[in-house]
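Working notes, structure below.
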Amino acid sequence: MGYRDAVDTSARVTRANDRVDVGRLAEEQAALRRVATLVAQGASSTEVFAAVAEEVVQVLHLQNAAVCRYDDEGSTMTVLAVWGDHPDSFQPGSRWPLDGPSMSAEVLRTGRPARVEDYTDLRGSLAAEARRAGFNRVAGAPIIVDGRVWGVISTSSPLAPLPDHVEDRVAEFTELVATAIANSQAHEDLRRLADEQAALRRVATLVARGVPPADVFQAVSAEVARLVPADAAALTRYESDGTVTAVGGWTSTGGYAHVGTRFALEGTVSGLIFETRRPGRINSYADAPGSAAAAAREMSWHSSVGAPVIVEGSLWGALAVVSTSDRPLPLDTEQRLAEFTELVATAIANAESRAELDASRARIVATADATRRRIERDLHDGAQQQLVSLALELRAAQAAAPELGELRGELSRVVDGITGVLEGLREIALGIHPAILAEGGLEAALKTLARRSPIPVELDVRAGARLPEAIEVAAYYVVSEALTNAAKYSRASVVHVDVQARDRVLRVAVRDDGLGGADPARGSGLLGLKDRAEAIGGTISLQSPRGSGTSLHVELPLDARNQ
C-alpha cells in the first residue's frame with residue numbers, strides 16, 4: 001500500500017469513527033432528554049430509575065443493567081431498578097450487605113469505575129450470589145449526587161467477556177444522567193416531606209385533642225398506608241412475655257379485624273424487627289409459620305415491610321405496611337417507614353403518657369370516692385349511732401329526774417347540744433358522700449339538693465335507669481358545687497338544672513340569673529370539678545359574663561371506661 005492509499009484509509013477510519021462518535025453522542029443526548037422529560041413530568045423515582053437502566057442497555061448495547069443505591073452509611077446496597085436478565089434475588093427492592101470484595105464495594109470505596117472479571121475466589125454475599133447466578137463478570141460506575149457517591153450503575157455478563165473499557169462508557173453515561181437522578185430524588189424528597197409533615201400534623205392534632213390511644217394508633221396505621229402507599233398497615237406493641245399485640249391497623253377495604261389480639265413473634269415482620277432492631281421485610285406469607293402468619297393469610301396479605309418504633313430509647317413496637325398482591329412494595333419502603341416511625345414515635349409516647357395520666361387521675365378520683373364512702377359509713381355506723389344512743393340515754397335520765405330540779409334543766413341543755421352535734425355530723429356525712437345517691441340514684445339525690453337549696457331550683461332530670469357510679473357521683477358534685485356557689489355569690493332568683501342522658505353522653509347544665517362574674521381561678525371548687533370530669537373522659541365549660549348570670553355545662557361519656 002502506497003503513502004496515498006494509507007492516507008485515504010486513515011481518513012476513512014477517522015470519518016467512520018467520527019460518525020460512530022456522533023451517532024453515540026446523539027443516542028446519549030436522546031436518552032438524556034427522555035430521562036429528563038420523565039423527571040420534569042413528575043414521574044416517581046421508581047419510574048426514573050427503571051428508565052435509566054433501560055437507557056444504559058439500549059445506548060451502550062449491553063445485555064443488562066442495574067441501578068443501585070448505597071444505604072446505611074455504605075454498609076448495604078439496595079437494588080432500585082434492573083433491565084435485562086437478572087436473578088430473582090437481584091430484583092428491585094432487594095438489599096445486599098457490602099460484606100466482602102465486589103465491584104459495588106470497590107466503586108463505593110474509590111468513587112471511580114471498577115470491574116471484576118472473576119468472583120470465583122472472593123468472599124461475601126454479593127460474590128456468592130454472582131457465582132450462584134452465573135454472573136461472574138461485572139463492571140460499573142458511580143452515581144455522584146451532591147459530591148458524594150450516591151449509588152452505582154452496573155452491567156454483567158454470564159459467559160462472554162465484558163467489552164473493553166465498558167465501565168468507562170457506563171461512567172460517561174452516568175455523568176449525564178446523574179443530574180436527572182438528583183433532581184428526581186430531590187422532587188421525591190420534597191413531596192415525601194410535605195406528605196409526612198401533613199400526616200404528622202394530623203396525628204399530633206388527635207393527641208392534642210386527647211383522643212384515646214387506640215384512635216391514635218388507628219390513625220398512625222392509616223396515615224402510613226397512604227404515604228407508602230400500601231394495601232394495609234398495622235401497628236404492633238411488644239409485650240414483656242415475648243409476644244406482640246396489634247394495637248392499630250388499617251386496610252383499604254375498611255377496618256382491621258385483629259386489633260387487640262396478641263400474637264407470637266414467629267413468622268412476623270415484628271419478629272424480624274425484634275431480633276435486629278432494624279427494618280425488615282417478608283416477601284411472602286404463603287409458607288410462614290405461626291398464628292400471625294395465618295391471620296395474615298386470612299386477610300389476603302401477601303408481603304409486608306416493617307420498621308421499629310423507638311419510644312424513649314427503647315424498642316416499643318413495630319409499624320408495618322402490607323401488599324395484598326404479588327406486586328412488590330415500593331423500593332424505598334424500609335427507609336420511608338424508618339423516617340415516619342421516628343416522627344410518630346413522639347406522638348405515640350404522648351398518647352400513651354396521656355392515657356396513663358388519665359388512668360392515674362381516674363384512680364385518684366375513684367380512691368377519693370371510696371375514701372369518702374368509708375368515712376361516711378364510719379360516721380353513720382360509729383359516731384352518729386353513739387351520739388343517738390347517748391341522746392336516748394340522756395332523755396331517759398331527764399325523764400327520771402325531779403321535775404323541778406336543776407338537773408333536769410341541765411340534762412335538757414345537754415340533749416339539745418348533742419342533737420345539734422348529731423345534725424351537724426349528718427350534714428358533714430351527707431357532704432362527704434351522699435348515701436341517698438347510692439340508695440336512690442342520681443335523680444333522688446338531685447331532688448334532695450334542690451330541696452335544701454336556699455334559692456328556688458327548677459330541676460329537669462331525664463337520665464333513665466341507673467348510670468355508672470363514677471358518672472352519678474361526678475354529676476352530683478357538679479350540681480352540688482354549682483348550687484353552693486349560686487347561694488353564696490350569685491344573688492340569683494332561680495337556678496335551672498337540666499340533666500339528660502342521650503347518645504351515650506350525660507349532659508348536665510346549671511344556669512342561674514344572678515350577677516355572673518364567676519372565675520374558676522379564684523377557688524378550688526370548680527377546678528376540682530374540672531379534674532373530676534376530665535378524669536373520666538368528660539369536659540366542663542363555664543360562661544359567666546358580669547351581670548348576665550352563670551352557666552355551667554358538663555358532658556360525661558357513658559362508655560366502658562366508666563362502668
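Naming scheme: A, B, ... for chains in displayed order of the C-alpha cells; residues 1 onward per chain; ligands 1 onward as shown.
Omitting region 168-170 of chain A and its sequence neighbours fewer than 3 positions away, and counting only C-alpha atoms, the residues within 7 Å are Pro113, Gly140, Ala141, His165, Phe173 and Thr174 of chain A.
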Next on the checklist: Please list as a PyMOL selection string every residue within 8 Å of Arg297 (chain A), counting only C-alpha atoms and excluding residues in the same chain fewer than 5 positions away.
Outcome noted: chain A and resi 285-286+302
Item to check | Non-local contacts of Arg262 (chain A) (8 Å; only C-alpha atoms; under 2 positions in same chain excluded) as a VMD selection string | outcome: chain A and resid 243 to 246 260 264
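Between CA of Leu200 (chain A) and CA of Ile310 (chain A) the interatomic distance comes to 16.2 Å.
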Item to check | DSSP-assigned helix (DSSP H, G or I) members of region 48-159 of chain A, reported as a PyMOL selection string | outcome: chain A and resi 48-60+72-74+88-90+103-110+125-133
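The list of residues with at least one atom within 6 Å of region 87-98 of chain A, based on only C-alpha atoms and without residues fewer than 3 positions apart in the same chain, reads A:Ser75, A:Thr76, A:Met77, A:Thr78, A:Val79, A:Leu80, A:Ala81, A:Leu331.
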Residue subset to file, keeping N, CA, C and O atoms, as a compact mmCIF listing (two decimals), in the first residue's frame:
# COMPACT_ATOMS: atom_id res chain seq x y z
N SER A 75 -23.03 0.47 54.34
CA SER A 75 -22.92 -0.92 54.77
C SER A 75 -23.81 -1.85 53.94
O SER A 75 -23.60 -3.06 53.92
N THR A 76 -24.80 -1.27 53.25
CA THR A 76 -25.68 -2.08 52.41
C THR A 76 -25.92 -1.38 51.09
O THR A 76 -25.62 -0.19 50.92
N MET A 77 -26.49 -2.13 50.16
CA MET A 77 -26.82 -1.60 48.84
C MET A 77 -28.22 -2.10 48.48
O MET A 77 -28.55 -3.27 48.66
N THR A 78 -29.07 -1.19 47.99
CA THR A 78 -30.44 -1.54 47.61
C THR A 78 -30.58 -1.47 46.09
O THR A 78 -30.17 -0.47 45.48
N VAL A 79 -31.14 -2.51 45.49
CA VAL A 79 -31.39 -2.52 44.05
C VAL A 79 -32.64 -1.69 43.78
O VAL A 79 -33.71 -1.97 44.31
N LEU A 80 -32.51 -0.65 42.95
CA LEU A 80 -33.62 0.24 42.66
C LEU A 80 -34.31 -0.11 41.34
O LEU A 80 -35.52 0.05 41.21
N ALA A 81 -33.53 -0.55 40.35
CA ALA A 81 -34.11 -0.87 39.04
C ALA A 81 -33.17 -1.80 38.30
O ALA A 81 -31.94 -1.75 38.48
N LEU A 331 -39.71 0.53 46.48
CA LEU A 331 -38.32 0.19 46.79
C LEU A 331 -37.81 0.86 48.05
O LEU A 331 -36.97 0.31 48.76
Next on the checklist: Would you pick out the contacts of region 446-455 of chain A at 9 Å or less, using only C-alpha atoms, so that residues sharing its chain but fewer than 6 positions from it are not included, and give the list as a ChimeraX atom specification?
Outcome noted: /A:436-437,461,476,479-480,483-484,486-487,491-495
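Take the candidates A:Gln218, A:Ala171, A:Asp71, A:Ala160 and check each one against Gly111 (chain A) using only C-alpha atoms; the shortest distance goes to A:Ala171.
For the residues A:Val247, A:Leu526, A:Leu265, A:Val505, ranking by smallest atom-to-atom distance to Glu481 (chain A) using only C-alpha atoms places A:Leu526 first.
Take CA of Ser291 (chain A) and CA of Glu239 (chain A): the distance between them is 16.3 Å.
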Neighbour list for Pro289 (chain A) as a short mmCIF file (atom, residue, chain, number, x, y, z; two decimals) with N, CA, C and O atoms, in the first residue's frame, cut-off 8 Å, only C-alpha atoms, skip fewer than 4 positions in-chain:
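Listed below is the output, result_28.cif:
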data_model
loop_
_atom_site.label_atom_id
_atom_site.label_comp_id
_atom_site.auth_asym_id
_atom_site.auth_seq_id
_atom_site.Cartn_x
_atom_site.Cartn_y
_atom_site.Cartn_z
N GLU A 266 -43.28 -15.45 65.99
CA GLU A 266 -42.88 -16.35 64.91
C GLU A 266 -43.63 -16.02 63.61
O GLU A 266 -44.84 -15.81 63.60
N GLY A 267 -42.88 -15.92 62.52
CA GLY A 267 -43.47 -15.71 61.21
C GLY A 267 -43.98 -14.30 60.96
O GLY A 267 -44.77 -14.10 60.05
N ALA A 293 -48.94 -15.30 60.95
CA ALA A 293 -48.90 -15.55 59.51
C ALA A 293 -50.24 -16.10 59.02
O ALA A 293 -50.71 -15.76 57.93
N ALA A 294 -50.87 -16.95 59.85
CA ALA A 294 -52.19 -17.48 59.48
C ALA A 294 -53.21 -16.36 59.39
O ALA A 294 -54.05 -16.33 58.48
#
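Between CA of Ala232 (chain A) and CA of Val259 (chain A) there is a distance of 13.1 Å.
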Next on the checklist: Could you go through region 103-329 of chain A and tell me which residues DSSP, when run on the backbone, assigns to strand (DSSP E), listing them as an MDAnalysis selection string?
Outcome noted: chainID A and resid 114:116 137:145 148:157 232:238 243:251 262:264 280:282 303:311 314:323
